[in-house]
>>> print(open('work_7.cif').read())   # mmCIF, C-alpha atoms
data_my_file
loop_
_atom_site.label_atom_id
_atom_site.label_comp_id
_atom_site.auth_asym_id
_atom_site.auth_seq_id
_atom_site.Cartn_x
_atom_site.Cartn_y
_atom_site.Cartn_z
CA MET J 1 8.23 -17.08 -6.21
CA GLN J 2 7.48 -14.82 -9.17
CA THR J 3 5.01 -11.94 -9.09
CA LEU J 4 4.11 -10.17 -12.34
CA ILE J 5 2.40 -6.78 -12.22
CA ILE J 6 0.85 -5.80 -15.55
CA ASN J 7 -0.92 -2.83 -17.17
CA ILE J 8 0.69 -0.30 -14.81
CA LYS J 9 -0.55 3.10 -15.92
CA GLU J 10 2.82 4.64 -14.99
CA LEU J 11 5.86 3.10 -13.31
CA LEU J 12 7.78 5.85 -11.47
CA GLN J 13 11.43 6.28 -10.49
CA VAL J 14 12.77 3.72 -12.97
CA ARG J 15 16.56 3.64 -13.13
CA GLU J 16 18.23 1.25 -15.57
CA THR J 17 21.50 1.62 -13.69
CA SER J 18 21.73 2.12 -9.97
CA ILE J 19 22.42 5.66 -8.76
CA CYS J 20 23.04 6.81 -5.21
CA LYS J 21 21.35 10.24 -5.28
CA VAL J 22 20.21 13.12 -7.50
CA SER J 23 21.27 16.74 -7.09
CA GLY J 24 20.35 20.19 -8.38
CA SER J 25 18.54 20.23 -11.73
CA GLU J 26 18.61 16.40 -11.86
CA MET J 27 16.07 16.41 -9.04
CA ALA J 28 13.41 17.65 -11.48
CA ILE J 29 13.81 14.52 -13.62
CA LEU J 30 11.72 11.52 -12.55
CA PRO J 31 12.09 8.71 -15.12
CA THR J 32 8.83 6.84 -15.77
CA ILE J 33 7.38 4.21 -18.10
CA SER J 34 3.75 4.38 -19.20
CA ASN J 35 1.70 1.18 -19.68
CA ALA J 36 4.36 -0.87 -17.93
CA TYR J 37 4.99 -4.24 -16.36
CA LEU J 38 7.11 -5.16 -13.36
CA LEU J 39 8.45 -8.64 -12.60
CA ILE J 40 9.45 -9.59 -9.07
CA GLU J 41 11.37 -12.71 -8.10
CA ASN J 42 11.22 -13.52 -4.41
CA ASP J 43 12.07 -10.19 -2.71
CA VAL J 44 13.75 -8.27 -5.54
CA ILE J 45 12.90 -6.55 -8.81
CA ALA J 46 13.80 -8.88 -11.70
CA ALA J 47 12.65 -6.91 -14.77
CA PHE J 48 10.45 -4.05 -15.93
CA GLY J 49 9.51 -2.31 -19.15
CA SER J 50 6.60 -1.43 -21.43
CA MET J 51 3.73 -3.89 -21.78
CA GLU J 52 4.58 -4.50 -25.42
CA ASN J 53 7.79 -6.13 -24.20
CA CYS J 54 6.22 -8.01 -21.30
CA PRO J 55 7.58 -11.57 -21.13
CA LYS J 56 5.12 -14.46 -21.52
CA ILE J 57 5.66 -16.32 -18.28
CA ASN J 58 3.54 -18.32 -15.88
CA ALA J 59 4.15 -16.24 -12.77
CA ASP J 60 3.03 -17.56 -9.39
CA LYS J 61 0.96 -14.41 -8.97
CA THR J 62 -0.24 -11.79 -11.45
CA ILE J 63 -1.54 -8.38 -10.39
CA ASP J 64 -3.46 -6.20 -12.83
CA ALA J 65 -2.64 -2.54 -12.07
CA THR J 66 -4.83 -0.96 -14.74
CA GLY J 67 -5.18 2.77 -14.06
CA LYS J 68 -2.73 2.67 -11.14
CA MET J 69 0.72 4.08 -10.49
CA ILE J 70 3.60 2.17 -8.93
CA LEU J 71 6.59 3.81 -7.27
CA PRO J 72 9.28 2.71 -4.82
CA SER J 73 8.26 2.90 -1.18
CA TRP J 74 9.23 5.98 0.82
CA CYS J 75 12.63 6.03 2.51
CA ASP J 76 12.19 8.03 5.72
CA SER J 77 15.68 8.89 6.96
CA HIS J 78 14.81 10.84 10.14
CA THR J 79 12.34 9.65 12.79
CA HIS J 80 11.89 9.31 16.55
CA ILE J 81 9.24 6.57 16.36
CA VAL J 82 10.33 4.96 19.64
CA TYR J 83 8.74 6.94 22.47
CA VAL J 84 6.12 6.67 25.20
CA GLY J 85 2.87 8.60 25.53
CA ASN J 86 2.43 11.91 23.74
CA ARG J 87 2.77 15.65 24.28
CA GLU J 88 -0.71 16.83 23.37
CA GLN J 89 -0.76 19.38 26.20
CA GLU J 90 2.26 21.12 24.67
CA PHE J 91 0.32 21.29 21.39
CA VAL J 92 -2.35 23.29 23.20
CA ASP J 93 0.31 25.37 25.01
CA ARG J 94 1.72 26.46 21.65
CA ILE J 95 -1.76 27.40 20.44
CA ASN J 96 -2.01 29.54 23.57
CA GLY J 97 1.19 31.38 22.70
CA LEU J 98 4.09 29.53 24.35
CA THR J 99 7.19 29.01 22.22
CA TYR J 100 9.16 25.77 21.83
CA GLU J 101 11.88 27.24 24.03
CA GLU J 102 9.44 28.37 26.75
CA ILE J 103 7.88 24.92 26.89
CA ALA J 104 11.32 23.31 27.16
CA ASN J 105 12.43 25.72 29.90
CA ARG J 106 9.56 24.67 32.14
CA GLY J 107 10.29 20.95 31.87
CA GLY J 108 8.40 20.19 28.70
CA GLY J 109 9.72 19.14 25.33
CA ILE J 110 12.40 16.47 25.17
CA LEU J 111 12.74 16.26 28.96
CA ASN J 112 9.00 15.53 29.22
CA SER J 113 9.37 12.58 26.84
CA ALA J 114 12.49 11.41 28.68
CA LYS J 115 10.64 11.30 32.00
CA LYS J 116 7.86 9.15 30.51
CA LEU J 117 10.27 6.82 28.76
CA ASN J 118 12.45 6.17 31.80
CA GLU J 119 9.34 5.25 33.80
CA ALA J 120 8.22 2.70 31.18
CA SER J 121 9.33 -0.90 30.70
CA GLU J 122 11.11 -2.02 27.57
CA GLU J 123 8.04 -4.11 26.69
CA GLU J 124 5.70 -1.11 26.99
CA ILE J 125 8.01 1.04 24.84
CA TYR J 126 8.09 -1.73 22.22
CA ASN J 127 4.32 -2.22 22.19
CA GLN J 128 3.63 1.50 21.73
CA SER J 129 6.34 1.91 19.10
CA LYS J 130 5.38 -1.08 16.96
CA LYS J 131 1.93 0.41 16.38
CA ARG J 132 3.52 3.54 14.94
CA LEU J 133 5.84 1.46 12.79
CA GLU J 134 2.94 -0.59 11.44
CA GLU J 135 1.11 2.63 10.64
CA VAL J 136 3.93 4.12 8.56
CA ILE J 137 4.36 0.83 6.68
CA GLN J 138 0.69 1.00 5.68
CA GLN J 139 1.31 4.60 4.56
CA GLY J 140 4.01 3.47 2.15
CA THR J 141 7.28 3.70 4.08
CA GLY J 142 9.60 0.83 3.22
CA ALA J 143 12.78 1.93 5.01
CA VAL J 144 13.15 4.04 8.13
CA GLU J 145 15.78 5.45 10.45
CA ILE J 146 14.84 5.53 14.15
CA LYS J 147 16.69 7.55 16.80
CA SER J 148 17.12 7.16 20.52
CA GLY J 149 17.29 10.38 22.53
CA TYR J 150 14.37 10.18 24.95
CA GLY J 151 16.36 8.25 27.54
CA LEU J 152 19.13 10.72 28.41
CA THR J 153 20.40 8.14 30.93
CA VAL J 154 22.56 5.06 30.46
CA ASP J 155 19.65 2.68 30.99
CA GLY J 156 17.13 4.79 29.08
CA GLU J 157 19.22 5.17 25.94
CA LEU J 158 20.18 1.49 25.87
CA LYS J 159 16.54 0.54 26.44
CA MET J 160 15.48 2.60 23.40
CA LEU J 161 18.18 1.18 21.15
CA ARG J 162 17.28 -2.37 22.17
CA VAL J 163 13.67 -1.66 21.25
CA ILE J 164 14.80 -0.39 17.82
CA LYS J 165 16.85 -3.56 17.35
CA LYS J 166 13.84 -5.68 18.31
CA LEU J 167 11.65 -3.82 15.80
CA ALA J 168 14.25 -4.39 13.10
CA SER J 169 14.15 -8.12 13.82
CA ALA J 170 10.36 -8.35 13.94
CA TYR J 171 9.39 -6.34 10.85
CA PRO J 172 10.41 -6.75 7.21
CA ILE J 173 11.27 -3.13 6.42
CA LYS J 174 14.83 -1.86 6.58
CA ILE J 175 15.50 -0.08 9.88
CA LYS J 176 18.62 1.95 10.70
CA ALA J 177 19.31 2.94 14.33
CA THR J 178 20.83 6.23 15.49
CA PHE J 179 22.20 7.01 18.94
CA LEU J 180 20.91 10.47 19.92
CA GLY J 181 21.95 10.67 23.56
CA ALA J 182 22.94 14.27 22.79
CA HIS J 183 19.31 15.31 22.31
CA ALA J 184 19.14 17.58 25.37
CA PHE J 185 20.96 18.01 28.66
CA PRO J 186 19.22 16.24 31.56
CA LEU J 187 18.40 18.43 34.55
CA ASP J 188 21.18 16.79 36.59
CA TYR J 189 23.70 17.98 34.00
CA LYS J 190 22.20 21.36 33.13
CA GLU J 191 25.28 23.13 34.53
CA ASN J 192 27.72 20.32 33.72
CA HIS J 193 27.68 19.84 29.97
CA SER J 194 31.11 18.25 29.86
CA GLY J 195 30.08 15.71 32.48
CA TYR J 196 27.08 14.60 30.44
CA ILE J 197 29.11 14.31 27.26
CA ASP J 198 31.65 12.24 29.22
CA LEU J 199 28.76 9.94 30.20
CA LEU J 200 27.69 9.56 26.57
CA ILE J 201 31.20 8.91 25.31
CA ASN J 202 32.73 6.86 28.11
CA GLU J 203 29.77 4.88 29.46
CA ILE J 204 27.04 4.59 26.84
CA LEU J 205 28.98 4.42 23.56
CA PRO J 206 31.11 1.39 24.53
CA LYS J 207 27.97 -0.51 25.55
CA ILE J 208 26.26 0.40 22.27
CA ALA J 209 29.29 -0.86 20.35
CA ALA J 210 29.45 -4.09 22.39
CA GLU J 211 25.80 -4.90 21.60
CA ASN J 212 25.90 -3.51 18.05
CA LEU J 213 22.91 -1.30 18.80
CA ALA J 214 23.46 1.67 16.45
CA ASP J 215 24.45 2.53 12.90
CA TYR J 216 24.84 6.29 13.40
CA ILE J 217 25.37 9.00 16.01
CA ASP J 218 23.45 12.27 16.26
CA ALA J 219 23.36 15.48 18.30
CA PHE J 220 21.00 18.45 18.52
CA CYS J 221 23.44 21.15 17.42
CA GLU J 222 21.51 24.28 18.31
CA THR J 223 21.56 27.40 20.45
CA GLY J 224 20.58 26.36 23.97
CA TYR J 225 21.33 22.69 23.31
CA PHE J 226 24.67 21.31 22.04
CA SER J 227 27.25 23.81 20.81
CA VAL J 228 29.30 23.27 17.67
CA GLU J 229 32.31 22.31 19.77
CA GLU J 230 30.27 19.85 21.84
CA THR J 231 28.77 18.38 18.68
CA GLU J 232 32.21 17.92 17.16
CA ARG J 233 33.34 16.06 20.26
CA ILE J 234 30.36 13.73 19.90
CA MET J 235 30.94 13.18 16.17
CA GLU J 236 34.59 12.35 16.81
CA ALA J 237 33.65 9.86 19.54
CA GLY J 238 31.14 8.25 17.20
CA LYS J 239 33.85 7.74 14.58
CA GLN J 240 35.95 5.86 17.12
CA HIS J 241 33.13 3.32 17.40
CA GLY J 242 32.35 3.15 13.68
CA LEU J 243 29.28 5.41 13.86
CA ARG J 244 28.94 8.01 11.13
CA SER J 245 27.12 11.25 11.99
CA LYS J 246 23.58 12.35 11.14
CA ILE J 247 23.12 15.70 12.86
CA HIS J 248 20.17 17.91 13.85
CA VAL J 249 21.32 21.38 12.81
CA ASN J 250 20.03 24.84 11.81
CA GLN J 251 16.49 24.30 13.12
CA PHE J 252 16.22 27.69 14.84
CA THR J 253 19.60 29.37 14.36
CA ALA J 254 22.66 29.15 12.08
CA ILE J 255 25.79 28.72 14.23
CA ASN J 256 28.24 27.23 11.70
CA GLY J 257 27.17 23.72 12.64
CA ILE J 258 26.87 22.64 9.00
CA ALA J 259 30.54 23.42 8.34
CA ALA J 260 31.50 21.27 11.33
CA CYS J 261 29.34 18.42 10.05
CA VAL J 262 30.90 18.56 6.59
CA LYS J 263 34.37 18.62 8.17
CA HIS J 264 33.51 15.37 9.95
CA ASN J 265 31.97 13.83 6.80
CA ALA J 266 28.48 13.59 8.27
CA LEU J 267 26.12 11.46 6.22
CA SER J 268 23.34 14.01 6.61
CA VAL J 269 22.45 17.37 8.12
CA ASP J 270 18.80 17.49 9.11
CA HIS J 271 16.22 20.24 9.69
CA LEU J 272 17.86 23.22 7.92
CA GLU J 273 14.94 25.57 8.44
CA ILE J 274 17.52 28.37 8.64
CA VAL J 275 20.15 28.16 5.89
CA THR J 276 22.69 30.86 5.04
CA ASP J 277 24.54 31.44 1.78
CA GLU J 278 27.69 30.27 3.57
CA ASP J 279 25.98 27.02 4.57
CA ILE J 280 25.04 26.35 0.95
CA GLU J 281 28.59 26.96 -0.22
CA VAL J 282 29.95 24.61 2.43
CA LEU J 283 27.57 21.82 1.31
CA LYS J 284 28.49 22.02 -2.36
CA ASN J 285 30.41 19.02 -3.76
CA THR J 286 30.31 17.10 -0.47
CA GLN J 287 29.05 13.64 0.48
CA THR J 288 26.68 15.14 3.09
CA MET J 289 22.95 14.99 2.30
CA PRO J 290 20.77 17.92 3.38
CA VAL J 291 17.47 16.63 4.83
CA ALA J 292 14.32 18.75 5.16
CA LEU J 293 11.53 17.98 7.64
CA PRO J 294 8.53 19.98 6.39
CA SER J 295 5.89 18.47 8.66
CA CYS J 296 7.86 19.78 11.65
CA SER J 297 7.75 23.28 10.17
CA TYR J 298 4.03 22.81 9.55
CA PHE J 299 3.26 21.59 13.06
CA ILE J 300 5.18 24.17 15.11
CA SER J 301 4.90 27.06 12.64
CA ILE J 302 8.58 27.69 11.95
CA PRO J 303 10.18 28.48 8.57
CA TYR J 304 10.49 25.81 5.90
CA THR J 305 13.82 24.65 4.49
CA PRO J 306 14.63 26.91 1.48
CA ALA J 307 14.46 24.07 -1.04
CA ARG J 308 14.33 26.23 -4.17
CA LYS J 309 17.48 28.11 -3.21
CA MET J 310 19.35 24.92 -2.32
CA ILE J 311 18.36 23.02 -5.46
CA ALA J 312 19.21 26.05 -7.62
CA ALA J 313 22.67 25.97 -6.06
CA GLY J 314 23.10 22.38 -7.25
CA LEU J 315 22.57 20.65 -3.92
CA PRO J 316 20.70 17.39 -3.36
CA LEU J 317 17.84 17.33 -0.87
CA ALA J 318 16.07 14.52 0.98
CA LEU J 319 12.70 14.64 2.72
CA ALA J 320 11.89 12.90 6.01
CA SER J 321 9.03 12.92 8.50
CA ASP J 322 10.75 13.70 11.84
CA PHE J 323 8.00 11.53 13.41
CA ASN J 324 8.15 12.45 17.12
CA PRO J 325 5.72 13.26 19.94
CA GLY J 326 6.51 16.95 20.27
CA THR J 327 7.09 18.64 16.93
CA SER J 328 5.91 16.22 14.24
CA PRO J 329 3.51 13.58 15.57
CA SER J 330 3.02 11.92 12.19
CA GLY J 331 5.14 9.63 10.05
CA ASN J 332 2.95 10.03 6.97
CA MET J 333 5.43 10.55 4.15
CA ASN J 334 2.60 11.23 1.71
CA PHE J 335 1.85 14.37 3.72
CA VAL J 336 5.58 15.20 3.83
CA VAL J 337 5.79 15.03 0.02
CA ALA J 338 2.63 17.13 -0.37
CA THR J 339 3.84 19.74 2.13
CA ALA J 340 7.19 20.00 0.34
CA CYS J 341 5.32 20.79 -2.86
CA ILE J 342 2.80 23.16 -1.30
CA LYS J 343 5.01 25.05 1.16
CA MET J 344 8.57 24.59 -0.15
CA LYS J 345 7.59 24.89 -3.84
CA MET J 346 9.27 21.64 -4.80
CA THR J 347 7.86 20.04 -7.93
CA PRO J 348 6.26 16.60 -7.52
CA GLU J 349 9.23 15.11 -9.38
CA GLU J 350 11.69 16.74 -6.97
CA ALA J 351 9.70 15.74 -3.91
CA ILE J 352 9.40 12.09 -4.97
CA ASN J 353 13.13 11.96 -5.72
CA ALA J 354 13.80 13.51 -2.30
CA ALA J 355 11.59 10.98 -0.50
CA THR J 356 12.88 7.90 -2.34
CA ILE J 357 16.40 7.78 -3.78
CA ASN J 358 17.79 10.69 -1.75
CA GLY J 359 16.15 9.40 1.42
CA ALA J 360 17.80 6.05 0.75
CA TYR J 361 21.17 7.80 0.38
CA ALA J 362 20.68 9.42 3.80
CA MET J 363 20.52 5.89 5.26
CA GLU J 364 23.27 4.43 3.03
CA ILE J 365 20.85 2.00 1.40
CA SER J 366 20.55 3.43 -2.12
CA ALA J 367 22.16 0.26 -3.51
CA THR J 368 19.08 -1.71 -2.42
CA HIS J 369 16.24 0.80 -1.97
CA GLY J 370 14.82 4.02 -3.40
CA SER J 371 14.27 3.24 -7.08
CA ILE J 372 12.81 0.73 -9.52
CA THR J 373 16.06 -0.97 -10.52
CA VAL J 374 16.79 -4.62 -11.28
CA GLY J 375 18.24 -6.27 -8.19
CA LYS J 376 16.79 -3.79 -5.69
CA LYS J 377 14.27 -4.75 -3.03
CA ALA J 378 10.68 -5.02 -4.27
CA ASN J 379 9.40 -2.36 -1.87
CA LEU J 380 6.54 -0.68 -3.69
CA ILE J 381 3.58 1.63 -3.39
CA ILE J 382 0.63 0.67 -5.60
CA THR J 383 -1.78 3.58 -5.84
CA LYS J 384 -5.49 3.66 -6.43
CA PRO J 385 -6.45 4.63 -10.02
CA LEU J 386 -5.10 8.14 -10.68
CA ASN J 387 -5.14 10.68 -13.48
CA SER J 388 -1.42 11.34 -12.95
CA PHE J 389 1.15 11.06 -10.18
CA TYR J 390 0.67 14.79 -9.58
CA GLU J 391 -2.45 13.74 -7.66
CA LEU J 392 -0.24 12.34 -4.89
CA PRO J 393 0.69 15.80 -3.53
CA TYR J 394 -2.39 17.55 -4.95
CA SER J 395 -4.93 15.45 -3.05
CA PHE J 396 -2.96 15.82 0.15
CA GLY J 397 -5.77 14.78 2.46
CA THR J 398 -6.83 11.66 0.56
CA ASP J 399 -5.36 8.20 1.03
CA LEU J 400 -4.35 7.27 -2.52
CA ILE J 401 -2.44 4.10 -1.62
CA GLU J 402 -4.23 0.86 -2.47
CA GLN J 403 -1.51 -1.64 -1.60
CA VAL J 404 2.00 -1.69 -0.17
CA MET J 405 4.60 -4.32 -0.99
CA ILE J 406 7.64 -5.00 1.18
CA ASN J 407 10.31 -7.46 0.02
CA GLY J 408 8.01 -8.77 -2.70
CA LYS J 409 5.05 -9.46 -0.40
CA LEU J 410 1.85 -7.44 -0.13
CA VAL J 411 1.31 -6.00 3.34
CA SER J 412 -2.01 -7.08 4.80
#
>>> encode(input="work_7.cif", output="structure tokens")
Amino acid sequence: MQTLIINIKELLQVRETSICKVSGSEMAILPTISNAYLLIENDVIAAFGSMENCPKINADKTIDATGKMILPSWCDSHTHIVYVGNREQEFVDRINGLTYEEIANRGGGILNSAKKLNEASEEEIYNQSKKRLEEVIQQGTGAVEIKSGYGLTVDGELKMLRVIKKLASAYPIKIKATFLGAHAFPLDYKENHSGYIDLLINEILPKIAAENLADYIDAFCETGYFSVEETERIMEAGKQHGLRSKIHVNQFTAINGIAACVKHNALSVDHLEIVTDEDIEVLKNTQTMPVALPSCSYFISIPYTPARKMIAAGLPLALASDFNPGTSPSGNMNFVVATACIKMKMTPEEAINAATINGAYAMEISATHGSITVGKKANLIITKPLNSFYELPYSFGTDLIEQVMINGKLVS
């Protein structure tokens, strides 16, 4: 099956040779081709270039993209799409002056979601979650990481991870699963942290490994949640089962969690609303990807990741949605990219790089996703006619996506 897309006004994120990520000043460079063509064979990119070099072939399908932009689909490396219900009352509580911590201390927050999830059947969790997944696919996401963490019990965590595995089997987009049992301490273990971590390590992790339910392990390394020492224990246990770390860190406070993550070769450190000069130095020349979650900052009115400072220091940066019921109830990566430009002062080139190739790196899929490169998956966003790709973040409230392609097939 060959699909030929012609007369593309601008083809974005074209990479002749495959790269795994971009860092520092390279993030400002977004290679493009004007008046381009793109050839797809089955589910992968076969060729691309300027229209003057377009091959004369009888493709099975030809799409005329006159006036439109094409870019690789978004790679969203941090979500909590699998959950039950919502937390709209907490949204109103925050408007009325309660803080995130105050809501959590009275049984809200993560524990609220855990209660709802443990009361729901696996089928109900799946049916609610698949609607959210279908929504983000329509919004241009072509690869996504999904975390557990709203079970906080043996059965609850396994139930979530089985739902993620079922979603991965049922839908064409790439899905990576992360075990986040260390999301919060259940009430039964509020005064027995070591006992809960023992449960995660000795009871849940072996069952996850036996069923091959997770790719990564995560912990909420934060004041009032999991300490640096507790997080290190969890990262080490994950390694024993072949699970690399992707860690929530520096959302509210800086407690040297980033240094611990780098020491354990974490794939990514996520949130980073509070970043010190020492944190930046620790991240330099490492394999750990910093990930910013600007729609979380937007929704709960906390600081934004200092992108300009980090990029100026030569670091890479990825963008992700943090789609979850409490602090970022949206998986719209178009809004994430726009917010990064508007509030974090990232250029459109930097933001698109952060949401495509660097997002792919944060899921270890940059060999197959995140750029227009021969041999990579044909996961594409086809925009409506635009003046320039700067319109994508500029017109932040307008749906500028006309079609989405996953594995060479248009999504209906």
>>> residues_around(input="work_7.cif", residues="Gly140 (chain J)", least_positions_apart="2", cutoff="12 Å", atoms="all atoms listed in the file", output="ChimeraX atom specification")
/J:70-76,133-138,142-144,173,331-337,355-356,379-383,399-406,410-411
>>> resolve_selection(input="work_7.cif", expression="the PyMOL selection byres ((chain J and resi 251-264) around 10)", output="mmCIF file with C-alpha atoms, keeping the file's coordinate frame")
data_model
loop_
_atom_site.group_PDB
_atom_site.id
_atom_site.type_symbol
_atom_site.label_atom_id
_atom_site.label_comp_id
_atom_site.auth_asym_id
_atom_site.auth_seq_id
_atom_site.Cartn_x
_atom_site.Cartn_y
_atom_site.Cartn_z
ATOM 1 C CA PHE J 220 21.000 18.450 18.520
ATOM 2 C CA CYS J 221 23.440 21.150 17.420
ATOM 3 C CA GLU J 222 21.510 24.280 18.310
ATOM 4 C CA THR J 223 21.560 27.400 20.450
ATOM 5 C CA SER J 227 27.250 23.810 20.810
ATOM 6 C CA VAL J 228 29.300 23.270 17.670
ATOM 7 C CA GLU J 229 32.310 22.310 19.770
ATOM 8 C CA THR J 231 28.770 18.380 18.680
ATOM 9 C CA GLU J 232 32.210 17.920 17.160
ATOM 10 C CA MET J 235 30.940 13.180 16.170
ATOM 11 C CA GLU J 236 34.590 12.350 16.810
ATOM 12 C CA LYS J 239 33.850 7.740 14.580
ATOM 13 C CA ARG J 244 28.940 8.010 11.130
ATOM 14 C CA SER J 245 27.120 11.250 11.990
ATOM 15 C CA LYS J 246 23.580 12.350 11.140
ATOM 16 C CA ILE J 247 23.120 15.700 12.860
ATOM 17 C CA HIS J 248 20.170 17.910 13.850
ATOM 18 C CA VAL J 249 21.320 21.380 12.810
ATOM 19 C CA ASN J 250 20.030 24.840 11.810
ATOM 20 C CA ASN J 265 31.970 13.830 6.800
ATOM 21 C CA ALA J 266 28.480 13.590 8.270
ATOM 22 C CA LEU J 267 26.120 11.460 6.220
ATOM 23 C CA SER J 268 23.340 14.010 6.610
ATOM 24 C CA VAL J 269 22.450 17.370 8.120
ATOM 25 C CA ASP J 270 18.800 17.490 9.110
ATOM 26 C CA HIS J 271 16.220 20.240 9.690
ATOM 27 C CA LEU J 272 17.860 23.220 7.920
ATOM 28 C CA GLU J 273 14.940 25.570 8.440
ATOM 29 C CA ILE J 274 17.520 28.370 8.640
ATOM 30 C CA VAL J 275 20.150 28.160 5.890
ATOM 31 C CA THR J 276 22.690 30.860 5.040
ATOM 32 C CA GLU J 278 27.690 30.270 3.570
ATOM 33 C CA ASP J 279 25.980 27.020 4.570
ATOM 34 C CA ILE J 280 25.040 26.350 0.950
ATOM 35 C CA GLU J 281 28.590 26.960 -0.220
ATOM 36 C CA VAL J 282 29.950 24.610 2.430
ATOM 37 C CA LEU J 283 27.570 21.820 1.310
ATOM 38 C CA LYS J 284 28.490 22.020 -2.360
ATOM 39 C CA THR J 286 30.310 17.100 -0.470
ATOM 40 C CA GLN J 287 29.050 13.640 0.480
ATOM 41 C CA THR J 288 26.680 15.140 3.090
ATOM 42 C CA MET J 289 22.950 14.990 2.300
ATOM 43 C CA PRO J 290 20.770 17.920 3.380
ATOM 44 C CA ALA J 292 14.320 18.750 5.160
ATOM 45 C CA LEU J 293 11.530 17.980 7.640
ATOM 46 C CA CYS J 296 7.860 19.780 11.650
ATOM 47 C CA SER J 297 7.750 23.280 10.170
ATOM 48 C CA ILE J 302 8.580 27.690 11.950
ATOM 49 C CA PRO J 303 10.180 28.480 8.570
ATOM 50 C CA TYR J 304 10.490 25.810 5.900
ATOM 51 C CA THR J 305 13.820 24.650 4.490
#
>>> closest_atom_pairs(input="work_7.cif", of="region 42-77 of chain J", to="region 9-13 of chain J", cutoff="10 Å", atoms="only C-alpha atoms", output="CSV")
residue,atom,partner,partner_atom,distance
J:Phe48,CA,J:Leu11,CA,8.9
J:Gly49,CA,J:Leu11,CA,8.8
J:Ser50,CA,J:Leu11,CA,9.3
J:Ala65,CA,J:Lys9,CA,7.1
J:Thr66,CA,J:Lys9,CA,6.0
J:Gly67,CA,J:Lys9,CA,5.0
J:Lys68,CA,J:Lys9,CA,5.3
J:Met69,CA,J:Glu10,CA,5.0
J:Ile70,CA,J:Leu11,CA,5.0
J:Leu71,CA,J:Leu12,CA,4.8
J:Pro72,CA,J:Gln13,CA,7.0
>>> resolve_selection(input="work_7.cif", expression="the PyMOL selection byres ((chain J and resi 44) around 12)", output="PyMOL selection string")
chain J and resi 1-4+38-43+45-48+72+368-369+371-380+405-409
>>> residues_around(input="work_7.cif", residues="region 90-98 of chain J", least_positions_apart="2", cutoff="10 Å", atoms="all atoms listed in the file", output="JSON, numbers by chain")
{"J": [86, 87, 88, 100, 101, 102, 103, 104, 108, 109, 112, 299, 300, 301, 325, 326, 327]}
>>> closest_residue(input="work_7.cif", among="J:Arg106, J:Lys176, J:Lys166, J:Lys130", to="Met363 (chain J)", atoms="all atoms listed in the file")
J:Lys176
>>> residues_around(input="work_7.cif", residues="Ile311 (chain J)", least_positions_apart="2", cutoff="10 Å", atoms="all atoms listed in the file", output="VMD selection string")
chain J and resid 23 to 28 280 306 to 309 313 to 317 346 350
>>> write_last_selection(input="work_7.cif", atoms="C-alpha atoms", output="JSON list (two decimals), in the frame of the given file")
[["chain", "number", "residue", "atom", "x", "y", "z"],
["J", 23, "SER", "CA", 21.27, 16.74, -7.09],
["J", 24, "GLY", "CA", 20.35, 20.19, -8.38],
["J", 25, "SER", "CA", 18.54, 20.23, -11.73],
["J", 26, "GLU", "CA", 18.61, 16.40, -11.86],
["J", 27, "MET", "CA", 16.07, 16.41, -9.04],
["J", 28, "ALA", "CA", 13.41, 17.65, -11.48],
["J", 280, "ILE", "CA", 25.04, 26.35, 0.95],
["J", 306, "PRO", "CA", 14.63, 26.91, 1.48],
["J", 307, "ALA", "CA", 14.46, 24.07, -1.04],
["J", 308, "ARG", "CA", 14.33, 26.23, -4.17],
["J", 309, "LYS", "CA", 17.48, 28.11, -3.21],
["J", 313, "ALA", "CA", 22.67, 25.97, -6.06],
["J", 314, "GLY", "CA", 23.10, 22.38, -7.25],
["J", 315, "LEU", "CA", 22.57, 20.65, -3.92],
["J", 316, "PRO", "CA", 20.70, 17.39, -3.36],
["J", 317, "LEU", "CA", 17.84, 17.33, -0.87],
["J", 346, "MET", "CA", 9.27, 21.64, -4.80],
["J", 350, "GLU", "CA", 11.69, 16.74, -6.97]]
>>> residues_around(input="work_7.cif", residues="region 80-84 of chain J", least_positions_apart="6", cutoff="7 Å", atoms="only C-alpha atoms", output="list in words")
Ser113, Lys116, Leu117, Ile125, Gln128, Ser129, Arg132, Ile146, Lys147, Ser148, Tyr150, Met160, Asp322, Phe323 and Asn324 of chain J
>>> resolve_selection(input="work_7.cif", expression="the PyMOL selection byres ((chain J and resi 213) around 10)", output="ChimeraX atom specification")
/J:158,160-165,176-179,205,207-212,214-216
>>> atom_distance(input="work_7.cif", atom1="CA of Ala351 (chain J)", atom2="CA of Ser395 (chain J)")
14.7 Å
>>> atom_distance(input="work_7.cif", atom1="CA of Tyr37 (chain J)", atom2="CA of Lys61 (chain J)")
13.2 Å
>>> atom_distance(input="work_7.cif", atom1="CA of Asn358 (chain J)", atom2="CA of Thr79 (chain J)")
15.6 Å
>>> closest_residue(input="work_7.cif", among="J:Lys190, J:His78, J:Lys21, J:Lys56", to="Ser328 (chain J)", atoms="all atoms listed in the file")
J:His78
>>> closest_residue(input="work_7.cif", among="J:Gly85, J:Thr347, J:Thr32, J:Ser18", to="Pro329 (chain J)", atoms="all atoms listed in the file")
J:Gly85
>>> axis_aligned_box(input="work_7.cif", around="region 105-120 of chain J", padding_each_side="8 Å", output="lines of an AutoDock Vina configuration file")
center_x = 10.3
center_y = 14.2
center_z = 29.5
size_x = 20.9
size_y = 39.0
size_z = 24.6
>>> residues_around(input="work_7.cif", residues="Pro186 (chain J)", least_positions_apart="4", cutoff="9 Å", atoms="all atoms listed in the file", output="list in words")
Leu111, Ala114, Leu152, Thr153, Lys190 and Tyr196 of chain J
